[in-house]
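Peer 1: Sharing a structure below in C-alpha cells format, with a few things to ask.
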Amino acid sequence: MTNILLTNFHPGNGGGHTTYIKSIVNHFKDSEFKFIIAAPKKSLIFKSLKQNYPERVFDIDFPSKIREIIGILRNIQRFNYIINKYAIDIVHVNGSPDHKIAAACKLLFRRNYKIVRTKHDSIQIKNNFFSKKIFSKYTDSLIVVSNFQMKNIVPDYLKQKTSVIHNGIDTSFFSPMLKNKKLCKELNISNKDIVLVSVAGTAYHKGWHLLVKALSEVTTKINFKIILVGNAPNERMMQDCVESISMNKSVHFLPYSNDVREIIALGDIGFVLSTNIETISYACREMMSMGKPVLVSDYAGLKENVEHKINGWVTTAGSVEHLRAFLLSFNSNVLEQMSLSAREKACKDFGIKKFLDETRLIYKNLI
C-alpha cells in the first residue's frame, strides 16, 4: 500500500481543485493507494471529504506570506505530524502555498517522501532562483492539465519531469437528462427559450459578464436566457454587469450545488468564456458530457475541449463583438446534432479511466 497525502490550499470552493482531489480520492478508493487529505477547515474539500473519511482529513490552512511566519512554522509541524503518523510516501500538492509547506517540511525534517505538483492555472512558472529551487529539487513530477500549459508556461528545465494529464470526469454520472419542469417554471423558462448555462463560477475572469453585455446589445428572433451557478456577484458587479443594462429578467444566478446536473440539463448551450487563469475547465467537460455543445473563449487550453461548430464554438477571449456575432448568427437547427457530438466527444476523450490510469502511472513511477 502506498500512502499519499493530497493537499489543497483554497479556503473556499476551490473550483477545479476541489473536483480534481475528490475525483482522485473517490475513484481510487479500495485500490493500491491510501489517501490522506490536508486542506483548510473552511474549504469545501475539507467539509465534503471529512464526512466520508473522518480519520484521514486534516485541517491545514497553508499560510505563505512572510508576515504569517508563526502560522507557517505551526503548519510545517502539523504537516510533519501527518507525514510521520501515516508514513507518507508521496505528497501531491495542488498550488504554491501547499507546495512550499511540503518542501519546507522535507528540508527541515529531512523527510524522503516524493512530491508531485499539479498546476491548475495558466500563470507562467518563474525562472528565478526560488522557483528553480522548489521545482528542481522539491518536485519529483509535475502535472499540467492542458497542452497549452506544457507549451507556454512550463520552462525548458522542467519539461522532462512534466506530464500532460487532462482532467477526467465520470461520463456515466454526467449524462444527458430531461429538463426539470418544476425548475423551468420557477425560472420562467419556456420551450421557446434558448438557455445558455454555465456552472464554471461567477468570478469576473470567467467572462460571463461579456455574454450578458452582448445579449443586451442584440435583437434576435430567438429569446435567449442565461443561467449562472456560483457565488452571487457583489452588489457593485451586479449593478455594473446586469442591472445597468436591464438584464435582470434574462439572467439567473443560482447558488453553488454539490450536484449541478439538473441545472446543466436546463441549458441548450453551455459556456465558459474565461479571460484569465483558466486552463481546461471541468465545467466545460461536464456540460459536454451531458450533451451540451459549449461556447468557449480561446483563452489557454479551453479550445482543447471543443471542435469548432461540431460540438461547440470557439470565440475570441474578451470580445463582446464576437459574442454579439455568435448570438446574431445562431441557428437552433444545429443543436440536436451538436449535442450528440458533444456527448460523443466527452465519452471518447474526457473519461475518468484515462485520467486515473495516467495519474496512477505517475505515482507508481515514483515508488
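Within each chain, counting starts at residue 1; across the C-alpha cells, chains are named A, B, ... in the order shown, with ligands numbered 1 upward in that order.
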Among segment 125-238 of chain A, which residues carry a DSSP assignment of helix (DSSP H, G or I), reported as a ChimeraX atom specification?
Peer 2: /A:129-136,147-152,156-161,181-186,204-206,208-216,235-238
Peer 1: Residues within 9 Å of Ile134 of chain A, please, as JSON, numbers by chain. Count only C-alpha atoms; anything in the same chain fewer than 6 positions from it doesn't count.
Peer 2: {"A": [99, 100, 103]}
Peer 1: For Leu254 of chain A, work out the shell of residues within 8 Å, counting only C-alpha atoms and skipping chain neighbours fewer than 5 positions away, then give it as an NGL selection string.
Peer 2: :A and (227-232)
Peer 1: Could you tell me which of A:Ala265, A:Leu361, A:Leu49, A:Met237 comes closest to Asn26 of chain A if we count only C-alpha atoms?
Peer 2: A:Leu49
Peer 1: Mind pulling up the distance from atom CA of Ser257 of chain A to atom CA of Asn234 of chain A?
Peer 2: 18.8 Å
Peer 1: Which value, in Å to one decimal, gives the distance between atom CA of Thr2 of chain A and atom CA of Leu108 of chain A?
Peer 2: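 Straight-line distance from atom CA of Thr2 of chain A to atom CA of Leu108 of chain A works out to 23.1 Å.
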Peer 1: At a cut-off of 12 Å, using only C-alpha atoms, what residues contact Thr359 of chain A? Leave out same-chain residues fewer than 2 positions from it and give the result as a ChimeraX atom specification.
Peer 2: /A:20-21,23-25,27-28,33,92,116-118,141-145,163-168,352-357,361-366
Peer 1: Among the residues of segment 147-254 of chain A, find those DSSP assigns to strand (DSSP E) from the backbone and print them as a PyMOL selection string.
Peer 2: chain A and resi 162-164+193-198+223-229+251-254
Peer 1: Mind dumping the selected residues with N, CA and C atoms as a CSV table (one decimal), in the first residue's frame?
Peer 2:
```csv
chain,number,residue,atom,x,y,z
A,162,THR,N,7.7,16.8,-16.6
A,162,THR,CA,6.3,17.2,-16.7
A,162,THR,C,5.5,16.3,-17.6
A,163,SER,N,4.2,16.0,-17.1
A,163,SER,CA,3.3,15.2,-17.9
A,163,SER,C,2.0,16.0,-18.1
A,164,VAL,N,1.4,15.9,-19.3
A,164,VAL,CA,0.1,16.5,-19.5
A,164,VAL,C,-1.0,15.4,-19.2
A,193,ASP,N,-37.5,29.2,-25.4
A,193,ASP,CA,-36.3,29.9,-25.0
A,193,ASP,C,-35.0,29.0,-25.3
A,194,ILE,N,-34.0,29.7,-25.7
A,194,ILE,CA,-32.7,29.0,-25.8
A,194,ILE,C,-31.8,29.5,-24.6
A,195,VAL,N,-31.5,28.5,-23.8
A,195,VAL,CA,-30.9,28.7,-22.5
A,195,VAL,C,-29.4,28.5,-22.6
A,196,LEU,N,-28.6,29.5,-22.2
A,196,LEU,CA,-27.1,29.4,-22.1
A,196,LEU,C,-26.8,29.2,-20.7
A,197,VAL,N,-26.1,28.1,-20.3
A,197,VAL,CA,-25.9,27.8,-18.9
A,197,VAL,C,-24.4,27.7,-18.7
A,198,SER,N,-23.9,28.1,-17.5
A,198,SER,CA,-22.5,27.9,-17.1
A,198,SER,C,-22.5,27.5,-15.6
A,223,ASN,N,-35.3,34.0,-28.2
A,223,ASN,CA,-35.3,34.5,-26.9
A,223,ASN,C,-34.2,33.8,-26.0
A,224,PHE,N,-33.1,34.4,-25.8
A,224,PHE,CA,-32.0,33.8,-25.1
A,224,PHE,C,-32.2,34.1,-23.6
A,225,LYS,N,-31.8,33.1,-22.7
A,225,LYS,CA,-31.7,33.3,-21.3
A,225,LYS,C,-30.4,32.7,-20.8
A,226,ILE,N,-29.9,33.3,-19.7
A,226,ILE,CA,-28.6,32.9,-19.2
A,226,ILE,C,-28.8,32.4,-17.8
A,227,ILE,N,-28.2,31.3,-17.5
A,227,ILE,CA,-28.2,30.7,-16.1
A,227,ILE,C,-26.7,30.6,-15.7
A,228,LEU,N,-26.4,31.1,-14.5
A,228,LEU,CA,-25.1,31.0,-13.9
A,228,LEU,C,-25.1,30.4,-12.5
A,229,VAL,N,-24.2,29.5,-12.3
A,229,VAL,CA,-24.1,28.8,-11.0
A,229,VAL,C,-22.8,29.2,-10.3
A,251,VAL,N,-31.2,37.0,-16.9
A,251,VAL,CA,-30.0,36.4,-16.3
A,251,VAL,C,-30.4,35.8,-14.9
A,252,HIS,N,-30.2,34.6,-14.7
A,252,HIS,CA,-30.5,34.0,-13.4
A,252,HIS,C,-29.2,33.5,-12.7
A,253,PHE,N,-29.0,33.9,-11.5
A,253,PHE,CA,-27.9,33.4,-10.7
A,253,PHE,C,-28.4,32.3,-9.7
A,254,LEU,N,-27.8,31.1,-9.7
A,254,LEU,CA,-28.2,30.1,-8.8
A,254,LEU,C,-27.0,29.7,-7.9
```
Peer 1: Can I get the residues of segment 163-279 of chain A within 8 Å of segment 310-319 of chain A, each with the closest pair of atoms and their distance in Å to one decimal, using only C-alpha atoms, sorted chain first then ascending number, as JSON lines?
Peer 2:
```
{"residue": "A:Gly207", "atom": "CA", "partner": "A:Gly318", "partner_atom": "CA", "distance": 7.0}
{"residue": "A:Leu210", "atom": "CA", "partner": "A:Gly318", "partner_atom": "CA", "distance": 7.0}
{"residue": "A:Leu273", "atom": "CA", "partner": "A:Ala317", "partner_atom": "CA", "distance": 6.6}
{"residue": "A:Ser274", "atom": "CA", "partner": "A:Ala317", "partner_atom": "CA", "distance": 6.8}
{"residue": "A:Thr275", "atom": "CA", "partner": "A:Ala317", "partner_atom": "CA", "distance": 5.5}
```
Peer 1: Just C-alpha atoms for this one: save the residues we selected as a PDB file, in the first residue's frame.
Peer 2:
```
ATOM      1  CA  GLY A 207     -16.173  36.257 -18.720  1.00  0.00           C
ATOM      2  CA  LEU A 210     -19.286  39.757 -21.588  1.00  0.00           C
ATOM      3  CA  LEU A 273     -15.653  32.440 -21.544  1.00  0.00           C
ATOM      4  CA  SER A 274     -12.618  32.878 -19.309  1.00  0.00           C
ATOM      5  CA  THR A 275     -10.141  35.672 -19.918  1.00  0.00           C
TER       6      THR A 275
END
```
Peer 1: What does the distance from atom CA of Ile82 of chain A to atom CA of Lys34 of chain A come to in Å, to one decimal?
Peer 2: 13.3 Å
Peer 1: Choose the residue, out of A:Asn80, A:Ser246, A:Leu266, A:Gly95, that has the smallest atom-to-atom separation from Leu215 of chain A; count only C-alpha atoms.
Peer 2: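 Among the listed residues, A:Ser246 lies closest to Leu215 of chain A.
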Peer 1: Of the candidates A:Lys179, A:Lys151, A:Lys65, A:Arg111, which shows the shortest atom-to-atom distance to Phe79 of chain A, using only C-alpha atoms?
Peer 2: A:Arg111
